[in-house]
file query-v1.csv (CSV, C-alpha atoms)
chain,number,residue,atom,x,y,z
A,1,MET,CA,0.0,0.0,0.0
A,2,HIS,CA,1.4,3.4,-1.0
A,3,THR,CA,2.4,5.6,2.0
A,4,THR,CA,3.1,9.3,1.6
A,5,THR,CA,5.2,11.3,4.1
A,6,LEU,CA,3.7,14.8,4.5
A,7,LYS,CA,4.1,17.9,6.6
A,8,LEU,CA,1.8,17.7,9.6
A,9,TYR,CA,0.9,20.5,12.0
A,10,SER,CA,0.0,20.6,15.6
A,11,LEU,CA,-1.6,24.0,16.0
A,12,SER,CA,-2.3,25.3,19.4
A,13,PHE,CA,-5.3,27.3,20.7
A,14,ASN,CA,-3.2,30.5,21.0
A,15,GLN,CA,-2.7,30.6,17.2
A,16,SER,CA,-5.1,32.5,15.0
A,17,LYS,CA,-4.4,30.0,12.2
A,18,THR,CA,-6.1,27.3,14.4
A,19,TYR,CA,-9.4,29.2,14.5
A,20,LEU,CA,-9.2,30.1,10.8
A,21,LEU,CA,-8.7,26.5,9.7
A,22,ALA,CA,-11.3,25.2,12.1
A,23,THR,CA,-13.7,27.7,10.7
A,24,VAL,CA,-13.0,26.5,7.1
A,25,PHE,CA,-13.5,22.9,8.1
A,26,ILE,CA,-16.7,23.7,10.1
A,27,VAL,CA,-18.1,25.5,7.1
A,28,GLY,CA,-17.2,22.5,4.9
A,29,ASN,CA,-18.9,20.2,7.5
A,30,MET,CA,-22.0,22.4,7.3
A,31,LEU,CA,-22.2,22.7,3.5
A,32,LEU,CA,-21.4,19.1,2.6
A,33,PRO,CA,-24.4,17.7,4.6
A,34,GLN,CA,-26.7,20.1,2.9
A,35,ILE,CA,-25.7,18.8,-0.5
A,36,CYS,CA,-25.8,15.2,0.6
A,37,HIS,CA,-29.3,15.6,2.1
A,38,LEU,CA,-30.6,16.3,-1.4
A,39,VAL,CA,-30.3,12.6,-1.9
A,40,PRO,CA,-32.9,10.5,0.0
A,41,GLN,CA,-31.1,9.2,3.2
A,42,GLY,CA,-28.0,11.0,2.0
A,43,GLY,CA,-26.8,11.8,5.5
A,44,PHE,CA,-27.0,8.1,6.5
A,45,ILE,CA,-25.3,6.9,3.3
A,46,PHE,CA,-22.6,9.5,2.9
A,47,LEU,CA,-21.8,10.4,6.5
A,48,PRO,CA,-20.9,14.0,5.5
A,49,ILE,CA,-20.7,15.5,9.0
A,50,TYR,CA,-17.4,13.7,9.6
A,51,PHE,CA,-15.5,14.4,6.3
A,52,PHE,CA,-13.8,17.7,7.2
A,53,THR,CA,-13.2,16.7,10.8
A,54,LEU,CA,-11.0,13.8,9.5
A,55,ILE,CA,-9.1,16.1,7.2
A,56,GLY,CA,-8.6,18.9,9.8
A,57,ALA,CA,-7.6,16.6,12.6
A,58,TYR,CA,-5.2,14.5,10.5
A,59,LYS,CA,-3.4,17.4,8.9
A,60,TYR,CA,-3.6,20.2,11.5
A,61,GLY,CA,-3.8,18.4,14.9
A,62,TRP,CA,-6.3,17.6,17.6
A,63,GLN,CA,-7.1,21.3,18.4
A,64,VAL,CA,-8.4,22.0,14.9
A,65,GLY,CA,-10.0,18.6,14.8
A,66,LEU,CA,-11.7,18.9,18.1
A,67,MET,CA,-13.2,22.3,17.4
A,68,THR,CA,-14.4,21.0,14.1
A,69,ALA,CA,-15.8,17.8,15.7
A,70,ILE,CA,-17.8,19.7,18.3
A,71,LEU,CA,-18.9,22.8,16.5
A,72,SER,CA,-20.0,21.2,13.2
A,73,PRO,CA,-22.8,18.9,14.6
A,74,VAL,CA,-23.9,21.5,17.1
A,75,LEU,CA,-24.1,24.4,14.6
A,76,ASN,CA,-25.7,22.1,12.0
A,77,HIS,CA,-28.3,21.2,14.6
A,78,ILE,CA,-29.0,24.8,15.6
A,79,ILE,CA,-29.2,26.2,12.1
A,80,PHE,CA,-30.6,23.3,10.1
A,81,GLY,CA,-32.1,21.0,12.7
A,82,MET,CA,-29.9,18.1,11.5
A,83,PRO,CA,-28.7,16.0,13.1
A,84,PRO,CA,-31.9,15.7,15.3
A,85,MET,CA,-31.5,16.1,19.0
A,86,PRO,CA,-31.9,12.3,19.9
A,87,VAL,CA,-28.9,11.4,17.8
A,88,LEU,CA,-26.8,14.5,18.4
A,89,PRO,CA,-24.9,12.9,21.4
A,90,ALA,CA,-23.9,9.9,19.4
A,91,ILE,CA,-22.8,12.0,16.5
A,92,LEU,CA,-20.8,14.2,18.8
A,93,THR,CA,-19.2,11.2,20.3
A,94,LYS,CA,-18.2,9.7,17.0
A,95,SER,CA,-17.0,13.1,15.7
A,96,ILE,CA,-14.8,13.7,18.8
A,97,PHE,CA,-13.4,10.2,18.6
A,98,LEU,CA,-12.7,10.7,14.9
A,99,ALA,CA,-10.7,13.9,15.7
A,100,VAL,CA,-8.7,12.2,18.4
A,101,ALA,CA,-8.1,9.0,16.3
A,102,ALA,CA,-7.1,11.0,13.2
A,103,SER,CA,-4.7,13.3,15.1
A,104,LEU,CA,-3.1,10.4,17.0
A,105,ALA,CA,-2.6,8.4,13.9
A,106,ALA,CA,-1.1,11.3,12.0
A,107,HIS,CA,1.2,12.1,15.0
A,108,ARG,CA,2.2,8.4,15.4
A,109,PHE,CA,2.8,7.5,11.8
A,110,LYS,CA,3.8,10.9,10.3
A,111,THR,CA,2.5,9.6,7.0
A,112,ILE,CA,-0.7,9.1,5.2
A,113,SER,CA,-1.9,5.9,3.6
A,114,LEU,CA,-5.2,4.3,2.8
A,115,THR,CA,-4.4,1.6,5.4
A,116,ILE,CA,-4.0,4.2,8.1
A,117,LEU,CA,-7.1,6.1,7.2
A,118,THR,CA,-9.1,2.8,7.1
A,119,GLY,CA,-7.9,2.1,10.6
A,120,VAL,CA,-8.9,5.6,11.8
A,121,ILE,CA,-12.4,5.2,10.2
A,122,LEU,CA,-13.0,1.8,11.6
A,123,ALA,CA,-11.8,2.8,15.0
A,124,TYR,CA,-14.1,5.8,15.3
A,125,GLN,CA,-17.0,3.8,13.8
A,126,VAL,CA,-16.6,0.8,16.1
A,127,PHE,CA,-16.2,2.9,19.2
A,128,GLY,CA,-19.0,5.3,18.2
A,129,THR,CA,-21.3,2.4,17.5
A,130,LEU,CA,-20.7,0.9,20.9
A,131,VAL,CA,-21.4,4.3,22.5
A,132,GLU,CA,-24.5,4.9,20.3
A,133,TRP,CA,-25.8,1.5,21.4
A,134,ALA,CA,-25.3,2.4,25.0
A,135,ILE,CA,-27.0,5.7,24.6
A,136,LEU,CA,-29.9,4.7,22.4
A,137,LYS,CA,-30.3,1.1,23.7
A,138,ASP,CA,-31.1,0.0,20.1
A,139,PHE,CA,-28.5,-2.1,18.3
A,140,VAL,CA,-30.2,-1.8,14.9
A,141,ILE,CA,-30.0,2.0,15.0
A,142,ALA,CA,-26.4,1.8,16.5
A,143,ILE,CA,-25.1,-0.2,13.5
A,144,GLN,CA,-26.8,2.1,11.0
A,145,ASP,CA,-23.5,3.4,9.7
A,146,PHE,CA,-22.3,-0.1,9.0
A,147,ARG,CA,-25.7,-0.9,7.3
A,148,LEU,CA,-26.0,2.2,5.2
A,149,GLY,CA,-22.9,4.3,5.6
A,150,ILE,CA,-20.3,2.1,3.8
A,151,PRO,CA,-20.2,4.6,0.9
A,152,GLY,CA,-19.6,7.4,3.3
A,153,MET,CA,-16.8,5.5,5.0
A,154,LEU,CA,-15.2,4.8,1.6
A,155,ILE,CA,-15.5,8.5,0.7
A,156,GLN,CA,-13.8,9.4,4.0
A,157,ILE,CA,-10.9,7.0,3.3
A,158,PHE,CA,-10.3,7.7,-0.4
A,159,GLY,CA,-11.5,11.3,-0.5
A,160,GLY,CA,-9.7,12.2,2.7
A,161,TYR,CA,-6.5,10.6,1.4
A,162,PHE,CA,-6.8,12.4,-1.9
A,163,ILE,CA,-7.5,15.8,-0.3
A,164,ILE,CA,-4.7,15.5,2.3
A,165,ASN,CA,-2.2,14.0,-0.1
A,166,LYS,CA,-2.9,16.2,-3.2
A,167,PHE,CA,-4.4,19.5,-2.1
A,168,ILE,CA,-3.0,20.3,1.4
A,169,ARG,CA,0.2,18.3,1.4
A,170,LYS,CA,2.5,21.2,2.3

call {"tool": "encode", "arguments": {"input": "query-v1.csv", "output": "structure tokens"}}
result
Amino acid sequence: MHTTTLKLYSLSFNQSKTYLLATVFIVGNMLLPQICHLVPQGGFIFLPIYFFTLIGAYKYGWQVGLMTAILSPVLNHIIFGMPPMPVLPAILTKSIFLAVAASLAAHRFKTISLTILTGVILAYQVFGTLVEWAILKDFVIAIQDFRLGIPGMLIQIFGGYFIINKFIRK
């Protein structure tokens, strides 16, 4: 599997660049779901709320990732009513875990590969599914991402790799 070394950042909360980049990724995480929701069950299939969290956390560190992970679902809920309140805690949990997993993987490996991104996606989805099951007490709903969201996970893996590797490599 092809692995690419790239320049990674660990921005801190006292840098304005952290807030600027988080804002860009939050806006992406707000616009992409609106586009995906034009397709019936598009949110369930494409899992768009996580896409820019993955990219921000992997490339720019846990601070950018965490701000994106928390503010994207909350602002989407406040402005658009999606995700609905009953699933917001589960989505926040998955989103936060994705930010942590992506930033840890980037820090640990200092490279990007499809294998690493697959591990990150599976880690946040498995952990998030267990938490969602504990919160909702409904296994069928908890495994929804694995029943419907495989295309979204593949988009995160291949799209995330492509964007990080080709567009924001430096």

call {"tool": "atom_distance", "arguments": {"input": "query-v1.csv", "atom1": "CA of Thr23 in chain A", "atom2": "CA of Leu8 in chain A"}}
result
18.5 Å

call {"tool": "residues_around", "arguments": {"input": "query-v1.csv", "residues": "Pro151 in chain A", "least_positions_apart": "3", "cutoff": "9 Å", "atoms": "all atoms listed in the file", "output": "PyMOL selection string"}}
result
chain A and resi 45-47+148+154-156

call {"tool": "closest_residue", "arguments": {"input": "query-v1.csv", "among": "A:Leu75, A:Leu31, A:Val64, A:Cys36", "to": "Asn14 in chain A", "atoms": "all atoms listed in the file"}}
result
A:Val64

call {"tool": "closest_residue", "arguments": {"input": "query-v1.csv", "among": "A:Ser16, A:Gln41, A:Ser95, A:Ser103", "to": "Gly149 in chain A", "atoms": "only C-alpha atoms"}}
result
A:Gln41

call {"tool": "closest_residue", "arguments": {"input": "query-v1.csv", "among": "A:Val39, A:Ala22, A:Ala106, A:Leu122", "to": "Tyr9 in chain A", "atoms": "only C-alpha atoms"}}
result
A:Ala106

call {"tool": "closest_residue", "arguments": {"input": "query-v1.csv", "among": "A:Ala142, A:Ile91, A:Leu114, A:Val120", "to": "His77 in chain A", "atoms": "only C-alpha atoms"}}
result
A:Ile91
